[in-house]
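Chemist: Below is one structure. I have some questions about it.
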Amino acid sequence: MEQLSLFDILHNTMEEESIFKYQDNWLLIDGDNLLNRCYYATALDPNRLMKAPDGRVVNGVSGFLRMMINLQKKLNAHVVVFFDEGKGFRKEIYPEYKEGRSEKPESLKSQFPIIREILEKSKISVYSSKLYEADDLIATFATKAKGQIYILSNDKDLYQMISENITIISRKGKDDVYITPQLFEEMYEGLVPNQMIDFKAIIGDNSDNIPGINGIGDKGAIKLLIEYKNLENILNAEEFPKALSRYKNKIIAGRKNAIFAKELTELVVDAPIEIKKAKIDEQELRIAINKLGLKQVEAVL
């Protein structure tokens, strides 16, 4: 019997119903965050990285697509992917923003155009902007879109967006953690998601090179926010309870840093983007997967 190729199978099954189902759910993917994580998850030995038949490194692409497909099928969601094009307006107002980060290895950088080409050919909506970071675009999309929204990212800046209809999916080891308002409150000892802006303004953000109030860490920030609700109330307090009095001089000294940090940390929710639903072009996705030799991805389709 003649063996059928992948392309023969595709043509014979084109009239069948797609494996991808859709409800009024959205899966918003932080593209840079996910590709970085998938790359480093299997990059312990740079000499053994997964390669396509043409020699291009594709370990990050493989992990990205597997996670995207698995979650799309689980959530029955419309997929949208967001990428950074730079450091946006924050870099303009604060030149030191994100300074000190190590340069991405070439084997990772080279995978960004590969994943973007696959997504675009597969009719998956991709958003990026030179003015706004991916987080801002995600925050805007999540604010404007209707239905249940899932944001796939390990970036804690996006925690401020958590609500009854917005859930963060964060990867911890091999498990996906669905961070709802209830789980957030447990994780941050009584804080609510929109207090994440004030929390990060107080402690700063080393990964983004944003200074906060020197000498106040996570525990201190939580105690202050439980007592005073927001940064402005903390900065305007004339007296502190005995249990918090040790923070008074630190708050006075770090006032300007905290105000500026809050300005940088708060995400934009009104960027000029259009909400669009698009169904994945399964045929184009399969062709791209086959061309790159991504057998692990093919197995989850």
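Naming scheme: A, B, ... for chains in displayed order of the structure tokens; residues 1 onward per chain; ligands 1 onward as shown.
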Could you give me, as a PyMOL selection string, the residues within 9 Å of Lys98 of chain A, counting only C-alpha atoms and dropping anything in the same chain fewer than 4 positions from it?
Modeler: chain A and resi 87+91+206-210
Chemist: Could you give me, as a PDB file with N, CA, C and O atoms, in the first residue's frame, the residues within 9 Å of Ser129 of chain A, counting only C-alpha atoms and dropping anything in the same chain fewer than 3 positions from it?
Modeler:
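Now in selection14.pdb:
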```pdb
ATOM      1  N   PHE A  83       4.332  41.009  21.150  1.00  0.00           N
ATOM      2  CA  PHE A  83       5.784  41.075  21.235  1.00  0.00           C
ATOM      3  C   PHE A  83       6.231  42.509  21.529  1.00  0.00           C
ATOM      4  O   PHE A  83       5.536  43.474  21.206  1.00  0.00           O
ATOM      5  N   ASP A  84       7.412  42.619  22.117  1.00  0.00           N
ATOM      6  CA  ASP A  84       8.058  43.926  22.278  1.00  0.00           C
ATOM      7  C   ASP A  84       8.778  44.287  20.982  1.00  0.00           C
ATOM      8  O   ASP A  84       9.343  43.419  20.315  1.00  0.00           O
ATOM      9  N   GLU A  85       8.777  45.572  20.664  1.00  0.00           N
ATOM     10  CA  GLU A  85       9.610  46.075  19.567  1.00  0.00           C
ATOM     11  C   GLU A  85      10.727  46.946  20.106  1.00  0.00           C
ATOM     12  O   GLU A  85      11.530  47.484  19.361  1.00  0.00           O
ATOM     13  N   GLY A  86      10.770  47.132  21.382  1.00  0.00           N
ATOM     14  CA  GLY A  86      11.769  47.974  22.027  1.00  0.00           C
ATOM     15  C   GLY A  86      11.345  48.181  23.469  1.00  0.00           C
ATOM     16  O   GLY A  86      10.561  47.400  24.012  1.00  0.00           O
ATOM     17  N   GLY A  88       9.998  51.101  24.506  1.00  0.00           N
ATOM     18  CA  GLY A  88       8.858  51.991  24.510  1.00  0.00           C
ATOM     19  C   GLY A  88       9.075  53.337  25.178  1.00  0.00           C
ATOM     20  O   GLY A  88      10.202  53.801  25.369  1.00  0.00           O
ATOM     21  N   TYR A 132       4.615  51.327  22.774  1.00  0.00           N
ATOM     22  CA  TYR A 132       4.114  50.589  23.936  1.00  0.00           C
ATOM     23  C   TYR A 132       4.762  49.213  24.010  1.00  0.00           C
ATOM     24  O   TYR A 132       4.986  48.559  22.995  1.00  0.00           O
ATOM     25  N   GLU A 133       5.014  48.767  25.234  1.00  0.00           N
ATOM     26  CA  GLU A 133       5.550  47.417  25.432  1.00  0.00           C
ATOM     27  C   GLU A 133       4.429  46.395  25.297  1.00  0.00           C
ATOM     28  O   GLU A 133       3.236  46.733  25.349  1.00  0.00           O
ATOM     29  N   ALA A 134       4.810  45.142  25.158  1.00  0.00           N
ATOM     30  CA  ALA A 134       3.825  44.073  25.032  1.00  0.00           C
ATOM     31  C   ALA A 134       2.866  44.061  26.217  1.00  0.00           C
ATOM     32  O   ALA A 134       1.659  43.846  26.052  1.00  0.00           O
ATOM     33  N   LEU A 137       0.098  46.528  25.666  1.00  0.00           N
ATOM     34  CA  LEU A 137      -0.841  46.069  24.646  1.00  0.00           C
ATOM     35  C   LEU A 137      -1.738  44.964  25.195  1.00  0.00           C
ATOM     36  O   LEU A 137      -2.937  44.925  24.906  1.00  0.00           O
TER      37      LEU A 137
END
```
Chemist: Neighbours of Ala243 of chain A within 12 Å (only C-alpha atoms; same-chain residues fewer than 5 positions away dropped), as number ranges by chain?
Modeler: A: 220, 223-224, 227, 248
Chemist: With all heavy atoms kept, could you save the residues just selected as a PDB file, in the first residue's frame?
Modeler:
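Final file, again.pdb:
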```
ATOM      1  N   GLY A 220       7.496  44.185  54.187  1.00  0.00           N
ATOM      2  CA  GLY A 220       7.212  45.545  54.631  1.00  0.00           C
ATOM      3  C   GLY A 220       6.196  46.233  53.738  1.00  0.00           C
ATOM      4  O   GLY A 220       5.297  46.931  54.222  1.00  0.00           O
ATOM      5  N   LYS A 223       2.691  44.931  54.534  1.00  0.00           N
ATOM      6  CA  LYS A 223       2.180  45.491  55.794  1.00  0.00           C
ATOM      7  C   LYS A 223       1.712  46.933  55.614  1.00  0.00           C
ATOM      8  O   LYS A 223       0.651  47.323  56.118  1.00  0.00           O
ATOM      9  CB  LYS A 223       3.276  45.426  56.869  1.00  0.00           C
ATOM     10  CG  LYS A 223       3.610  44.028  57.348  1.00  0.00           C
ATOM     11  CD  LYS A 223       4.765  44.053  58.334  1.00  0.00           C
ATOM     12  CE  LYS A 223       5.152  42.641  58.782  1.00  0.00           C
ATOM     13  NZ  LYS A 223       6.332  42.658  59.692  1.00  0.00           N
ATOM     14  N   LEU A 224       2.490  47.713  54.900  1.00  0.00           N
ATOM     15  CA  LEU A 224       2.137  49.117  54.671  1.00  0.00           C
ATOM     16  C   LEU A 224       0.856  49.239  53.838  1.00  0.00           C
ATOM     17  O   LEU A 224      -0.001  50.082  54.116  1.00  0.00           O
ATOM     18  CB  LEU A 224       3.286  49.843  53.978  1.00  0.00           C
ATOM     19  CG  LEU A 224       4.514  50.130  54.852  1.00  0.00           C
ATOM     20  CD1 LEU A 224       5.721  50.481  53.983  1.00  0.00           C
ATOM     21  CD2 LEU A 224       4.221  51.270  55.835  1.00  0.00           C
ATOM     22  N   GLU A 227      -2.312  48.358  55.722  1.00  0.00           N
ATOM     23  CA  GLU A 227      -2.670  49.445  56.645  1.00  0.00           C
ATOM     24  C   GLU A 227      -3.193  50.672  55.909  1.00  0.00           C
ATOM     25  O   GLU A 227      -4.192  51.280  56.307  1.00  0.00           O
ATOM     26  CB  GLU A 227      -1.449  49.827  57.481  1.00  0.00           C
ATOM     27  CG  GLU A 227      -1.666  50.967  58.462  1.00  0.00           C
ATOM     28  CD  GLU A 227      -2.525  50.582  59.651  1.00  0.00           C
ATOM     29  OE1 GLU A 227      -2.604  49.375  59.977  1.00  0.00           O
ATOM     30  OE2 GLU A 227      -3.127  51.495  60.255  1.00  0.00           O
ATOM     31  N   LYS A 248       9.341  54.773  58.592  1.00  0.00           N
ATOM     32  CA  LYS A 248       9.037  56.187  58.351  1.00  0.00           C
ATOM     33  C   LYS A 248      10.180  56.921  57.646  1.00  0.00           C
ATOM     34  O   LYS A 248       9.968  57.580  56.616  1.00  0.00           O
ATOM     35  CB  LYS A 248       8.705  56.888  59.670  1.00  0.00           C
ATOM     36  CG  LYS A 248       8.333  58.355  59.484  1.00  0.00           C
ATOM     37  CD  LYS A 248       7.891  59.000  60.794  1.00  0.00           C
ATOM     38  CE  LYS A 248       7.490  60.453  60.571  1.00  0.00           C
ATOM     39  NZ  LYS A 248       7.020  61.093  61.831  1.00  0.00           N
TER      40      LYS A 248
END
```
Chemist: Segment 140-159 of chain A near segment 20-40 of chain A within 8 Å: what's each residue's closest atom pair and its distance in Å to one decimal, counting only C-alpha atoms, ordered by chain then ascending residue number, as a tab-separated table?
Modeler:
```
residue	atom	partner	partner_atom	distance
A:Lys146	CA	A:Asp24	CA	7.5
A:Gly147	CA	A:Asp24	CA	5.3
A:Gln148	CA	A:Asn25	CA	4.8
A:Ile149	CA	A:Trp26	CA	4.8
A:Tyr150	CA	A:Leu27	CA	4.9
A:Ile151	CA	A:Leu28	CA	4.7
A:Leu152	CA	A:Ile29	CA	4.9
A:Ser153	CA	A:Asp30	CA	5.5
A:Asn154	CA	A:Asn33	CA	7.0
A:Asp155	CA	A:Asn33	CA	7.4
```
Chemist: Here is a test: counting only C-alpha atoms, which residue of A:Met161, A:Thr265, A:Lys242, A:Lys172 is nearest to Ile203 of chain A?
Modeler: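 Going through A:Met161, A:Thr265, A:Lys242, A:Lys172 one by one, the smallest distance to Ile203 of chain A is for A:Thr265.
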Chemist: Counting only C-alpha atoms, which of A:Met67, A:Ile118, A:Ile287, A:Leu49 gets nearest to Ile169 of chain A?
Modeler: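 Among the listed residues, A:Met67 lies closest to Ile169 of chain A.
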Chemist: Rounded to one decimal place, report the atom CA of Lys279 of chain A-atom CA of Ile138 of chain A distance in Å.
Modeler: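 We find that atom CA of Lys279 of chain A and atom CA of Ile138 of chain A lie 18.9 Å from each other.
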Chemist: Would you pick out the contacts of Asp135 of chain A at 7 Å or less, using only C-alpha atoms, so that residues sharing its chain but fewer than 3 positions from it are not included, and give the list as a list of chain:residue names?
Modeler: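 Those residues are A:Ile138, A:Ala139, A:Leu158, A:Leu267.
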Chemist: Mind writing the picked residues with N, CA and C atoms as a compact mmCIF listing (two decimals), in the first residue's frame?
Modeler:
```
# COMPACT_ATOMS: atom_id res chain seq x y z
N ILE A 138 -1.16 44.07 25.99
CA ILE A 138 -1.95 43.01 26.62
C ILE A 138 -2.97 43.62 27.57
N ALA A 139 -2.53 44.60 28.39
CA ALA A 139 -3.43 45.24 29.34
C ALA A 139 -4.57 45.95 28.63
N LEU A 158 1.94 42.11 35.07
CA LEU A 158 0.59 41.84 34.59
C LEU A 158 -0.37 41.41 35.69
N LEU A 267 0.46 49.95 34.02
CA LEU A 267 0.32 49.61 32.60
C LEU A 267 -0.69 50.51 31.91
```
Chemist: Which one of A:Val57, A:Gly190, A:Glu266, A:Phe112 sits closest to Gln160 of chain A if you count only C-alpha atoms?
Modeler: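 Going through A:Val57, A:Gly190, A:Glu266, A:Phe112 one by one, the smallest distance to Gln160 of chain A is for A:Glu266.
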Chemist: Measuring between only C-alpha atoms, which one of A:Ile216, A:Lys174, A:Ile19, A:Lys291 shows the shortest distance to Lys73 of chain A?
Modeler: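 With only C-alpha atoms as the atom set, the closest residue is A:Ile19.
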Chemist: List the spatial neighbours of Leu225 of chain A as a PyMOL selection string - criterion: any atom at most 9 Å away, only C-alpha atoms, same-chain residues fewer than 6 positions off excluded.
Modeler: chain A and resi 191+195+198-199+231+233-234
Chemist: Which residue is closest to Pro105 of chain A? Choose from A:Leu119, A:Val126, A:Ala43, A:Leu65 and count only C-alpha atoms.
Modeler: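 For Pro105 of chain A, the nearest of the given residues is A:Ala43.
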Chemist: When DSSP works through the backbone of this structure, what residues of segment 19-215 of chain A end up as alpha helix (DSSP H), shown as a PyMOL selection string?
Modeler: chain A and resi 31-41+59-75+88-93+106-109+111-121+134-144+181-187+196-203
Chemist: How many Å separate atom CA of Met50 of chain A from atom CA of Ile124 of chain A?
Modeler: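 Computing the Euclidean distance for atom CA of Met50 of chain A and atom CA of Ile124 of chain A yields 24.0 Å.
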Chemist: Under the rule that only C-alpha atoms are counted, which of A:Lys229, A:Lys130, A:Arg116, A:Lys156 is the nearest residue to Arg171 of chain A?
Modeler: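 Of the candidates, the smallest distance to Arg171 of chain A is held by A:Lys156.
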Chemist: Tell me, as a ChimeraX atom specification, which residues lie within 7 Å of Glu282 of chain A, counting only C-alpha atoms; anything in the same chain fewer than 3 positions away does not count.
Modeler: /A:122,285-286
Chemist: Those same residues, written as an mmCIF file, in the first residue's frame with N, CA, C and O atoms?
Modeler:
```
data_model
loop_
_atom_site.group_PDB
_atom_site.id
_atom_site.type_symbol
_atom_site.label_atom_id
_atom_site.label_comp_id
_atom_site.auth_asym_id
_atom_site.auth_seq_id
_atom_site.Cartn_x
_atom_site.Cartn_y
_atom_site.Cartn_z
ATOM 1 N N SER A 122 -0.208 31.431 9.990
ATOM 2 C CA SER A 122 -1.299 30.637 10.549
ATOM 3 C C SER A 122 -2.502 31.494 10.907
ATOM 4 O O SER A 122 -3.443 31.005 11.541
ATOM 5 N N LEU A 285 -0.410 26.028 9.621
ATOM 6 C CA LEU A 285 0.328 25.683 10.838
ATOM 7 C C LEU A 285 0.992 24.316 10.690
ATOM 8 O O LEU A 285 2.164 24.143 11.029
ATOM 9 N N ARG A 286 0.263 23.359 10.147
ATOM 10 C CA ARG A 286 0.828 22.017 9.959
ATOM 11 C C ARG A 286 1.983 22.039 8.954
ATOM 12 O O ARG A 286 2.983 21.346 9.139
#
```
Chemist: Which residues come within 12 Å of Ile251 of chain A, counting only C-alpha atoms, excluding same-chain residues fewer than 6 positions away, as a list in words?
Modeler: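 Near Ile251 of chain A, the qualifying residues are Ala201, Ile202, Ile203, Gly212, Ile213, Asn214, Gly215, Ile216, Gly220, Ala221, Leu224, Leu231, Glu232, Asn233, Ile234, Leu235, Asn236, Ala237, Glu238, Glu239, Phe240, Leu244, Ser245, Asn257, Ala258 and Ile259 of chain A.
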Chemist: When DSSP is applied to the backbone of this structure, which of segment 59-231 of chain A are assigned strand (DSSP E)? Write them out as an NGL selection string.
Modeler: :A and (77-82 or 125-127 or 148-152 or 166-172 or 175-179)
Chemist: Kindly export the residues of the current selection with N, CA, C and O atoms, as a compact mmCIF listing (two decimals), in the first residue's frame.
Modeler:
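Ended up saving to again_8.txt:
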```
# COMPACT_ATOMS: atom_id res chain seq x y z
N ALA A 77 -10.06 28.91 23.16
CA ALA A 77 -9.87 30.36 23.15
C ALA A 77 -9.35 30.88 21.82
O ALA A 77 -8.65 30.17 21.09
N HIS A 78 -9.68 32.12 21.52
CA HIS A 78 -9.06 32.85 20.41
C HIS A 78 -7.66 33.27 20.87
O HIS A 78 -7.50 33.87 21.94
N VAL A 79 -6.65 32.95 20.08
CA VAL A 79 -5.26 33.21 20.46
C VAL A 79 -4.79 34.54 19.88
O VAL A 79 -5.01 34.83 18.71
N VAL A 80 -4.14 35.33 20.73
CA VAL A 80 -3.52 36.59 20.31
C VAL A 80 -2.13 36.63 20.94
O VAL A 80 -1.98 36.30 22.13
N VAL A 81 -1.12 37.03 20.17
CA VAL A 81 0.26 37.04 20.67
C VAL A 81 0.82 38.47 20.59
O VAL A 81 0.57 39.19 19.62
N PHE A 82 1.56 38.85 21.62
CA PHE A 82 2.10 40.20 21.73
C PHE A 82 3.62 40.14 21.88
O PHE A 82 4.14 39.33 22.66
N SER A 125 -3.41 36.43 15.30
CA SER A 125 -3.20 37.86 15.45
C SER A 125 -1.94 38.13 16.26
O SER A 125 -1.75 37.56 17.34
N VAL A 126 -1.09 39.03 15.75
CA VAL A 126 0.16 39.41 16.42
C VAL A 126 0.17 40.93 16.55
O VAL A 126 -0.09 41.65 15.59
N TYR A 127 0.48 41.40 17.77
CA TYR A 127 0.53 42.84 18.03
C TYR A 127 1.91 43.22 18.57
O TYR A 127 2.50 42.49 19.38
N GLN A 148 -14.16 35.72 28.81
CA GLN A 148 -13.15 35.29 29.78
C GLN A 148 -11.78 35.39 29.14
O GLN A 148 -11.57 34.92 28.02
N ILE A 149 -10.84 36.00 29.87
CA ILE A 149 -9.52 36.28 29.32
C ILE A 149 -8.44 35.59 30.14
O ILE A 149 -8.43 35.68 31.37
N TYR A 150 -7.54 34.91 29.45
CA TYR A 150 -6.40 34.24 30.08
C TYR A 150 -5.13 34.86 29.50
O TYR A 150 -4.96 34.93 28.29
N ILE A 151 -4.24 35.29 30.39
CA ILE A 151 -2.97 35.90 29.97
C ILE A 151 -1.85 34.94 30.33
O ILE A 151 -1.64 34.64 31.51
N LEU A 152 -1.14 34.45 29.33
CA LEU A 152 -0.03 33.52 29.57
C LEU A 152 1.26 34.32 29.70
O LEU A 152 1.80 34.84 28.72
N ILE A 166 -10.32 38.08 34.24
CA ILE A 166 -8.95 38.05 33.72
C ILE A 166 -8.09 37.21 34.64
O ILE A 166 -7.89 37.53 35.82
N THR A 167 -7.58 36.10 34.11
CA THR A 167 -6.74 35.17 34.87
C THR A 167 -5.35 35.13 34.26
O THR A 167 -5.20 35.09 33.04
N ILE A 168 -4.34 35.17 35.11
CA ILE A 168 -2.96 35.00 34.65
C ILE A 168 -2.59 33.52 34.71
O ILE A 168 -2.82 32.86 35.73
N ILE A 169 -2.04 33.00 33.62
CA ILE A 169 -1.51 31.63 33.64
C ILE A 169 0.01 31.75 33.73
O ILE A 169 0.67 32.23 32.80
N SER A 170 0.54 31.34 34.86
CA SER A 170 1.98 31.43 35.11
C SER A 170 2.55 30.04 35.18
O SER A 170 1.92 29.12 35.72
N ARG A 171 3.72 29.86 34.63
CA ARG A 171 4.36 28.54 34.62
C ARG A 171 5.26 28.39 35.84
O ARG A 171 6.12 29.23 36.11
N LYS A 172 5.05 27.32 36.61
CA LYS A 172 5.89 27.01 37.76
C LYS A 172 6.38 25.59 37.60
O LYS A 172 5.62 24.63 37.78
N ASP A 175 4.21 22.87 35.76
CA ASP A 175 2.79 23.08 36.00
C ASP A 175 2.36 24.49 35.63
O ASP A 175 3.11 25.45 35.79
N ASP A 176 1.12 24.61 35.16
CA ASP A 176 0.50 25.91 34.92
C ASP A 176 -0.27 26.32 36.16
O ASP A 176 -1.07 25.53 36.69
N VAL A 177 -0.03 27.53 36.64
CA VAL A 177 -0.74 28.06 37.80
C VAL A 177 -1.71 29.13 37.31
O VAL A 177 -1.30 30.10 36.67
N TYR A 178 -2.99 28.95 37.61
CA TYR A 178 -4.02 29.90 37.20
C TYR A 178 -4.24 30.88 38.35
O TYR A 178 -4.83 30.52 39.37
N ILE A 179 -3.76 32.12 38.16
CA ILE A 179 -3.81 33.10 39.24
C ILE A 179 -5.08 33.94 39.11
O ILE A 179 -5.20 34.80 38.23
```
